[in-house]
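work35.tsv follows (TSV, N, CA and C atoms and all ligand atoms):
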```
chain	number	residue	atom	x	y	z
A	1	MET	N	-8.00	-10.04	-15.28
A	1	MET	CA	-6.77	-10.08	-16.06
A	1	MET	C	-6.09	-11.44	-15.98
A	2	ARG	N	-6.58	-12.33	-15.12
A	2	ARG	CA	-5.97	-13.65	-15.07
A	2	ARG	C	-6.07	-14.35	-16.42
A	3	SER	N	-7.09	-14.01	-17.15
A	3	SER	CA	-7.19	-14.48	-18.53
A	3	SER	C	-7.59	-13.28	-19.38
A	4	GLY	N	-7.06	-13.21	-20.59
A	4	GLY	CA	-7.42	-12.11	-21.46
A	4	GLY	C	-6.43	-10.97	-21.41
A	5	ALA	N	-6.90	-9.81	-21.84
A	5	ALA	CA	-6.03	-8.67	-22.02
A	5	ALA	C	-5.98	-7.78	-20.78
A	6	CYS	N	-4.93	-6.99	-20.69
A	6	CYS	CA	-4.80	-6.01	-19.62
A	6	CYS	C	-5.92	-4.98	-19.73
A	7	PRO	N	-6.62	-4.70	-18.63
A	7	PRO	CA	-7.72	-3.72	-18.69
A	7	PRO	C	-7.22	-2.28	-18.85
A	8	LYS	N	-5.94	-2.05	-18.66
A	8	LYS	CA	-5.40	-0.70	-18.76
A	8	LYS	C	-4.87	-0.38	-20.15
A	9	CYS	N	-4.12	-1.32	-20.76
A	9	CYS	CA	-3.48	-1.02	-22.05
A	9	CYS	C	-3.84	-2.00	-23.15
A	10	GLY	N	-4.53	-3.09	-22.81
A	10	GLY	CA	-4.99	-4.02	-23.83
A	10	GLY	C	-4.01	-5.10	-24.24
A	11	ARG	N	-2.79	-5.06	-23.70
A	11	ARG	CA	-1.81	-6.08	-24.07
A	11	ARG	C	-2.23	-7.44	-23.52
A	12	THR	N	-1.89	-8.48	-24.27
A	12	THR	CA	-2.32	-9.82	-23.86
A	12	THR	C	-1.20	-10.64	-23.23
A	13	GLU	N	0.03	-10.10	-23.20
A	13	GLU	CA	1.12	-10.83	-22.54
A	13	GLU	C	1.08	-10.53	-21.04
A	14	ILE	N	0.69	-11.53	-20.26
A	14	ILE	CA	0.54	-11.37	-18.82
A	14	ILE	C	1.47	-12.34	-18.11
A	15	LEU	N	2.27	-11.83	-17.18
A	15	LEU	CA	3.13	-12.69	-16.35
A	15	LEU	C	2.25	-13.25	-15.25
A	16	ASP	N	2.09	-14.56	-15.22
A	16	ASP	CA	1.08	-15.13	-14.31
A	16	ASP	C	1.69	-15.82	-13.10
A	17	GLY	N	1.10	-15.55	-11.94
A	17	GLY	CA	1.49	-16.23	-10.72
A	17	GLY	C	2.84	-15.83	-10.16
A	18	VAL	N	3.25	-14.59	-10.36
A	18	VAL	CA	4.56	-14.12	-9.89
A	18	VAL	C	4.54	-13.99	-8.36
A	19	ARG	N	5.61	-14.48	-7.72
A	19	ARG	CA	5.71	-14.37	-6.26
A	19	ARG	C	5.88	-12.91	-5.87
A	20	VAL	N	5.25	-12.52	-4.76
A	20	VAL	CA	5.35	-11.17	-4.24
A	20	VAL	C	6.18	-11.24	-2.97
A	21	LYS	N	7.28	-10.47	-2.91
A	21	LYS	CA	8.16	-10.54	-1.76
A	21	LYS	C	8.26	-9.19	-1.07
A	22	VAL	N	8.51	-9.24	0.23
A	22	VAL	CA	8.74	-8.04	1.02
A	22	VAL	C	10.17	-8.13	1.55
A	23	PRO	N	11.13	-7.43	0.93
A	23	PRO	CA	12.54	-7.57	1.30
A	23	PRO	C	12.83	-7.30	2.77
A	24	SER	N	12.11	-6.40	3.39
A	24	SER	CA	12.41	-6.04	4.77
A	24	SER	C	11.88	-7.05	5.77
A	25	ALA	N	11.15	-8.07	5.32
A	25	ALA	CA	10.53	-9.02	6.24
A	25	ALA	C	11.43	-10.19	6.60
A	26	GLY	N	12.71	-10.14	6.25
A	26	GLY	CA	13.62	-11.20	6.62
A	26	GLY	C	13.28	-12.49	5.91
A	27	SER	N	13.22	-13.60	6.67
A	27	SER	CA	13.00	-14.89	6.04
A	27	SER	C	11.53	-15.11	5.65
A	28	VAL	N	10.64	-14.31	6.22
A	28	VAL	CA	9.22	-14.43	5.87
A	28	VAL	C	8.98	-13.50	4.68
A	29	ASP	N	9.22	-14.03	3.48
A	29	ASP	CA	9.27	-13.14	2.34
A	29	ASP	C	8.04	-13.19	1.44
A	30	ASP	N	7.10	-14.06	1.74
A	30	ASP	CA	5.88	-14.09	0.94
A	30	ASP	C	4.81	-13.25	1.60
A	31	VAL	N	4.12	-12.46	0.80
A	31	VAL	CA	2.99	-11.68	1.31
A	31	VAL	C	1.79	-12.61	1.43
A	32	ARG	N	1.13	-12.55	2.57
A	32	ARG	CA	-0.03	-13.40	2.80
A	32	ARG	C	-1.20	-12.57	3.27
A	33	VAL	N	-2.39	-13.05	3.00
A	33	VAL	CA	-3.58	-12.50	3.63
A	33	VAL	C	-4.01	-13.49	4.70
A	34	VAL	N	-4.51	-12.99	5.83
A	34	VAL	CA	-4.88	-13.87	6.92
A	34	VAL	C	-6.22	-13.44	7.51
A	35	VAL	N	-6.92	-14.42	8.04
A	35	VAL	CA	-8.11	-14.18	8.85
A	35	VAL	C	-7.93	-14.96	10.14
A	36	ALA	N	-8.57	-14.49	11.21
A	36	ALA	CA	-8.45	-15.16	12.50
A	36	ALA	C	-9.67	-14.82	13.34
A	37	PRO	N	-9.99	-15.68	14.30
A	37	PRO	CA	-11.11	-15.36	15.19
A	37	PRO	C	-10.90	-14.01	15.87
A	38	THR	N	-11.97	-13.28	16.07
A	38	THR	CA	-11.86	-11.95	16.67
A	38	THR	C	-11.95	-12.01	18.20
A	39	SER	N	-12.32	-13.17	18.72
A	39	SER	CA	-12.37	-13.31	20.17
A	39	SER	C	-11.99	-14.75	20.54
A	40	GLY	N	-11.81	-14.97	21.85
A	40	GLY	CA	-11.48	-16.30	22.31
A	40	GLY	C	-10.00	-16.44	22.60
A	41	MET	N	-9.66	-17.54	23.26
A	41	MET	CA	-8.28	-17.77	23.68
A	41	MET	C	-7.39	-18.15	22.49
A	42	LEU	N	-7.92	-19.01	21.62
A	42	LEU	CA	-7.14	-19.47	20.48
A	42	LEU	C	-7.46	-18.62	19.26
A	43	ARG	N	-6.45	-17.92	18.77
A	43	ARG	CA	-6.66	-17.07	17.61
A	43	ARG	C	-5.70	-17.48	16.49
A	44	GLN	N	-5.72	-18.74	16.17
A	44	GLN	CA	-4.85	-19.22	15.10
A	44	GLN	C	-5.31	-18.63	13.77
A	45	GLN	N	-4.34	-18.15	13.01
A	45	GLN	CA	-4.66	-17.51	11.73
A	45	GLN	C	-4.76	-18.54	10.61
A	46	THR	N	-5.64	-18.25	9.70
A	46	THR	CA	-5.72	-18.99	8.45
A	46	THR	C	-5.19	-18.07	7.36
A	47	GLY	N	-4.21	-18.54	6.62
A	47	GLY	CA	-3.58	-17.67	5.65
A	47	GLY	C	-3.57	-18.23	4.25
A	48	SER	N	-3.31	-17.36	3.31
A	48	SER	CA	-3.19	-17.75	1.91
A	48	SER	C	-2.13	-16.87	1.25
A	49	ASP	N	-1.27	-17.48	0.45
A	49	ASP	CA	-0.29	-16.71	-0.30
A	49	ASP	C	-0.99	-15.79	-1.28
A	50	LEU	N	-0.34	-14.67	-1.58
A	50	LEU	CA	-0.79	-13.79	-2.65
A	50	LEU	C	0.16	-13.92	-3.82
A	51	ARG	N	-0.38	-14.06	-5.00
A	51	ARG	CA	0.42	-14.10	-6.23
A	51	ARG	C	-0.03	-12.98	-7.15
A	52	ALA	N	0.93	-12.50	-7.96
A	52	ALA	CA	0.67	-11.35	-8.81
A	52	ALA	C	0.54	-11.75	-10.28
A	53	TRP	N	-0.39	-11.10	-10.94
A	53	TRP	CA	-0.53	-11.19	-12.39
A	53	TRP	C	-0.14	-9.81	-12.93
A	54	ILE	N	0.90	-9.75	-13.75
A	54	ILE	CA	1.49	-8.48	-14.15
A	54	ILE	C	1.45	-8.32	-15.68
A	55	CYS	N	0.95	-7.19	-16.12
A	55	CYS	CA	0.93	-6.89	-17.55
A	55	CYS	C	2.36	-6.58	-18.01
A	56	ALA	N	2.80	-7.26	-19.10
A	56	ALA	CA	4.14	-7.05	-19.62
A	56	ALA	C	4.28	-5.71	-20.33
A	57	GLY	N	3.16	-5.08	-20.65
A	57	GLY	CA	3.22	-3.81	-21.36
A	57	GLY	C	3.32	-2.61	-20.45
A	58	CYS	N	2.38	-2.49	-19.50
A	58	CYS	CA	2.33	-1.28	-18.67
A	58	CYS	C	2.64	-1.54	-17.20
A	59	GLY	N	2.73	-2.82	-16.81
A	59	GLY	CA	3.07	-3.12	-15.43
A	59	GLY	C	1.88	-3.19	-14.49
A	60	PHE	N	0.69	-2.95	-15.01
A	60	PHE	CA	-0.49	-3.05	-14.15
A	60	PHE	C	-0.50	-4.43	-13.50
A	61	THR	N	-0.78	-4.47	-12.19
A	61	THR	CA	-0.67	-5.71	-11.41
A	61	THR	C	-1.94	-5.98	-10.63
A	62	GLU	N	-2.36	-7.23	-10.67
A	62	GLU	CA	-3.46	-7.68	-9.83
A	62	GLU	C	-2.92	-8.75	-8.89
A	63	LEU	N	-3.45	-8.77	-7.66
A	63	LEU	CA	-3.05	-9.78	-6.67
A	63	LEU	C	-4.22	-10.73	-6.45
A	64	TYR	N	-3.88	-12.03	-6.34
A	64	TYR	CA	-4.90	-13.03	-6.07
A	64	TYR	C	-4.45	-13.92	-4.92
A	65	ALA	N	-5.37	-14.23	-4.02
A	65	ALA	CA	-5.10	-15.20	-2.96
A	65	ALA	C	-5.08	-16.59	-3.58
A	66	SER	N	-4.09	-17.42	-3.15
A	66	SER	CA	-3.95	-18.76	-3.73
A	66	SER	C	-5.09	-19.68	-3.32
A	67	ASP	N	-5.65	-19.48	-2.13
A	67	ASP	CA	-6.68	-20.39	-1.63
A	67	ASP	C	-7.89	-19.59	-1.13
A	68	PRO	N	-8.62	-18.94	-2.04
A	68	PRO	CA	-9.74	-18.09	-1.61
A	68	PRO	C	-10.87	-18.87	-0.96
A	69	GLY	N	-11.06	-20.13	-1.33
A	69	GLY	CA	-12.15	-20.91	-0.76
A	69	GLY	C	-12.01	-21.10	0.73
A	70	LEU	N	-10.79	-21.41	1.17
A	70	LEU	CA	-10.55	-21.61	2.59
A	70	LEU	C	-10.74	-20.30	3.36
A	71	LEU	N	-10.23	-19.19	2.80
A	71	LEU	CA	-10.43	-17.90	3.45
A	71	LEU	C	-11.91	-17.55	3.54
A	72	ALA	N	-12.65	-17.83	2.48
A	72	ALA	CA	-14.08	-17.51	2.46
A	72	ALA	C	-14.83	-18.32	3.52
A	73	ASP	N	-14.46	-19.59	3.69
A	73	ASP	CA	-15.10	-20.41	4.72
A	73	ASP	C	-14.90	-19.78	6.10
A	74	ARG	N	-13.68	-19.36	6.38
A	74	ARG	CA	-13.37	-18.75	7.69
A	74	ARG	C	-14.08	-17.40	7.84
A	75	TRP	N	-14.13	-16.66	6.75
A	75	TRP	CA	-14.78	-15.33	6.77
A	75	TRP	C	-16.26	-15.48	7.08
A	76	ARG	N	-16.90	-16.47	6.44
A	76	ARG	CA	-18.32	-16.70	6.69
A	76	ARG	C	-18.56	-17.13	8.14
A	77	ALA	N	-17.53	-17.76	8.75
A	77	ALA	CA	-17.64	-18.19	10.14
A	77	ALA	C	-17.41	-17.03	11.11
A	78	GLY	N	-17.15	-15.83	10.58
A	78	GLY	CA	-17.01	-14.65	11.41
A	78	GLY	C	-15.59	-14.22	11.69
A	79	GLU	N	-14.59	-14.91	11.10
A	79	GLU	CA	-13.20	-14.53	11.34
A	79	GLU	C	-12.85	-13.33	10.47
A	80	ARG	N	-12.04	-12.44	11.03
A	80	ARG	CA	-11.63	-11.24	10.28
A	80	ARG	C	-10.15	-10.97	10.47
B	101	ZN	ZN	-1.17	-3.17	-19.42
```

Give the structure from this file in structure tokens form.
Ligand SMILES: [Zn+2]
Amino acid sequence: MRSGACPKCGRTEILDGVRVKVPSAGSVDDVRVVVAPTSGMLRQQTGSDLRAWICAGCGFTELYASDPGLLADRWRAGER
């Protein structure tokens, strides 16, 4: 749905890259996906913002990680 029509209703007006917020999270208001080493002393997380693509007709929403390449590199290295 990042390009083209909504798969649910067919509308082509899509709100792209909308920020996703979690009101109860205080100042940390962006939703992120993270991966981190599963063992070892240092477990620094690698994260990526999530952005929403929203259909203007029915509200169907897809989420995309802003930096999937970096997450994929860490994932292939065994981080979860
Ligand atoms: Zn739709």

Test item: axis-aligned box, all listed atoms of range 57-76 of chain A, 5 Å on each side, centre and edges in Å rounded to one decimal, as AutoDock Vina command-line options:
```
--center_x -7.6 --center_y -11.4 --center_z -6.6 --size_x 31.9 --size_y 30.3 --size_z 39.5
```

Can you check which parts of chain A lie within 8 Å of ligand ZN 101 (chain B)? Per residue, the shortest pair of atoms and distance in Å to one decimal, counting only C-alpha atoms and all ligand atoms, sorted by chain and number, as a tab-separated table.
```
residue	atom	partner	partner_atom	distance
A:Ala5	CA	B:ZN101	ZN	7.8
A:Cys6	CA	B:ZN101	ZN	4.6
A:Pro7	CA	B:ZN101	ZN	6.6
A:Lys8	CA	B:ZN101	ZN	4.9
A:Cys9	CA	B:ZN101	ZN	4.1
A:Gly10	CA	B:ZN101	ZN	5.9
A:Arg11	CA	B:ZN101	ZN	5.5
A:Ile54	CA	B:ZN101	ZN	7.9
A:Cys55	CA	B:ZN101	ZN	4.7
A:Ala56	CA	B:ZN101	ZN	6.6
A:Gly57	CA	B:ZN101	ZN	4.8
A:Cys58	CA	B:ZN101	ZN	4.0
A:Gly59	CA	B:ZN101	ZN	5.8
A:Phe60	CA	B:ZN101	ZN	5.3
```

>> What does the structure give for the distance between CA of Gly78 in chain A and atom C of Ser48 in chain A, in Å to one decimal?
In response: 18.2 Å

>> I'd like to know which of A:Met1, A:Ile14, A:Met41, A:Val31 is closest to Ser66 in chain A, using only C-alpha atoms.
In response: A:Val31

> Looking only at the backbone, which of the residues in chain A does DSSP tag as alpha helix (DSSP H), as a list of chain:residue names?
Replying inline: A:Pro68, A:Gly69, A:Leu70, A:Leu71, A:Ala72, A:Asp73, A:Arg74, A:Trp75, A:Arg76
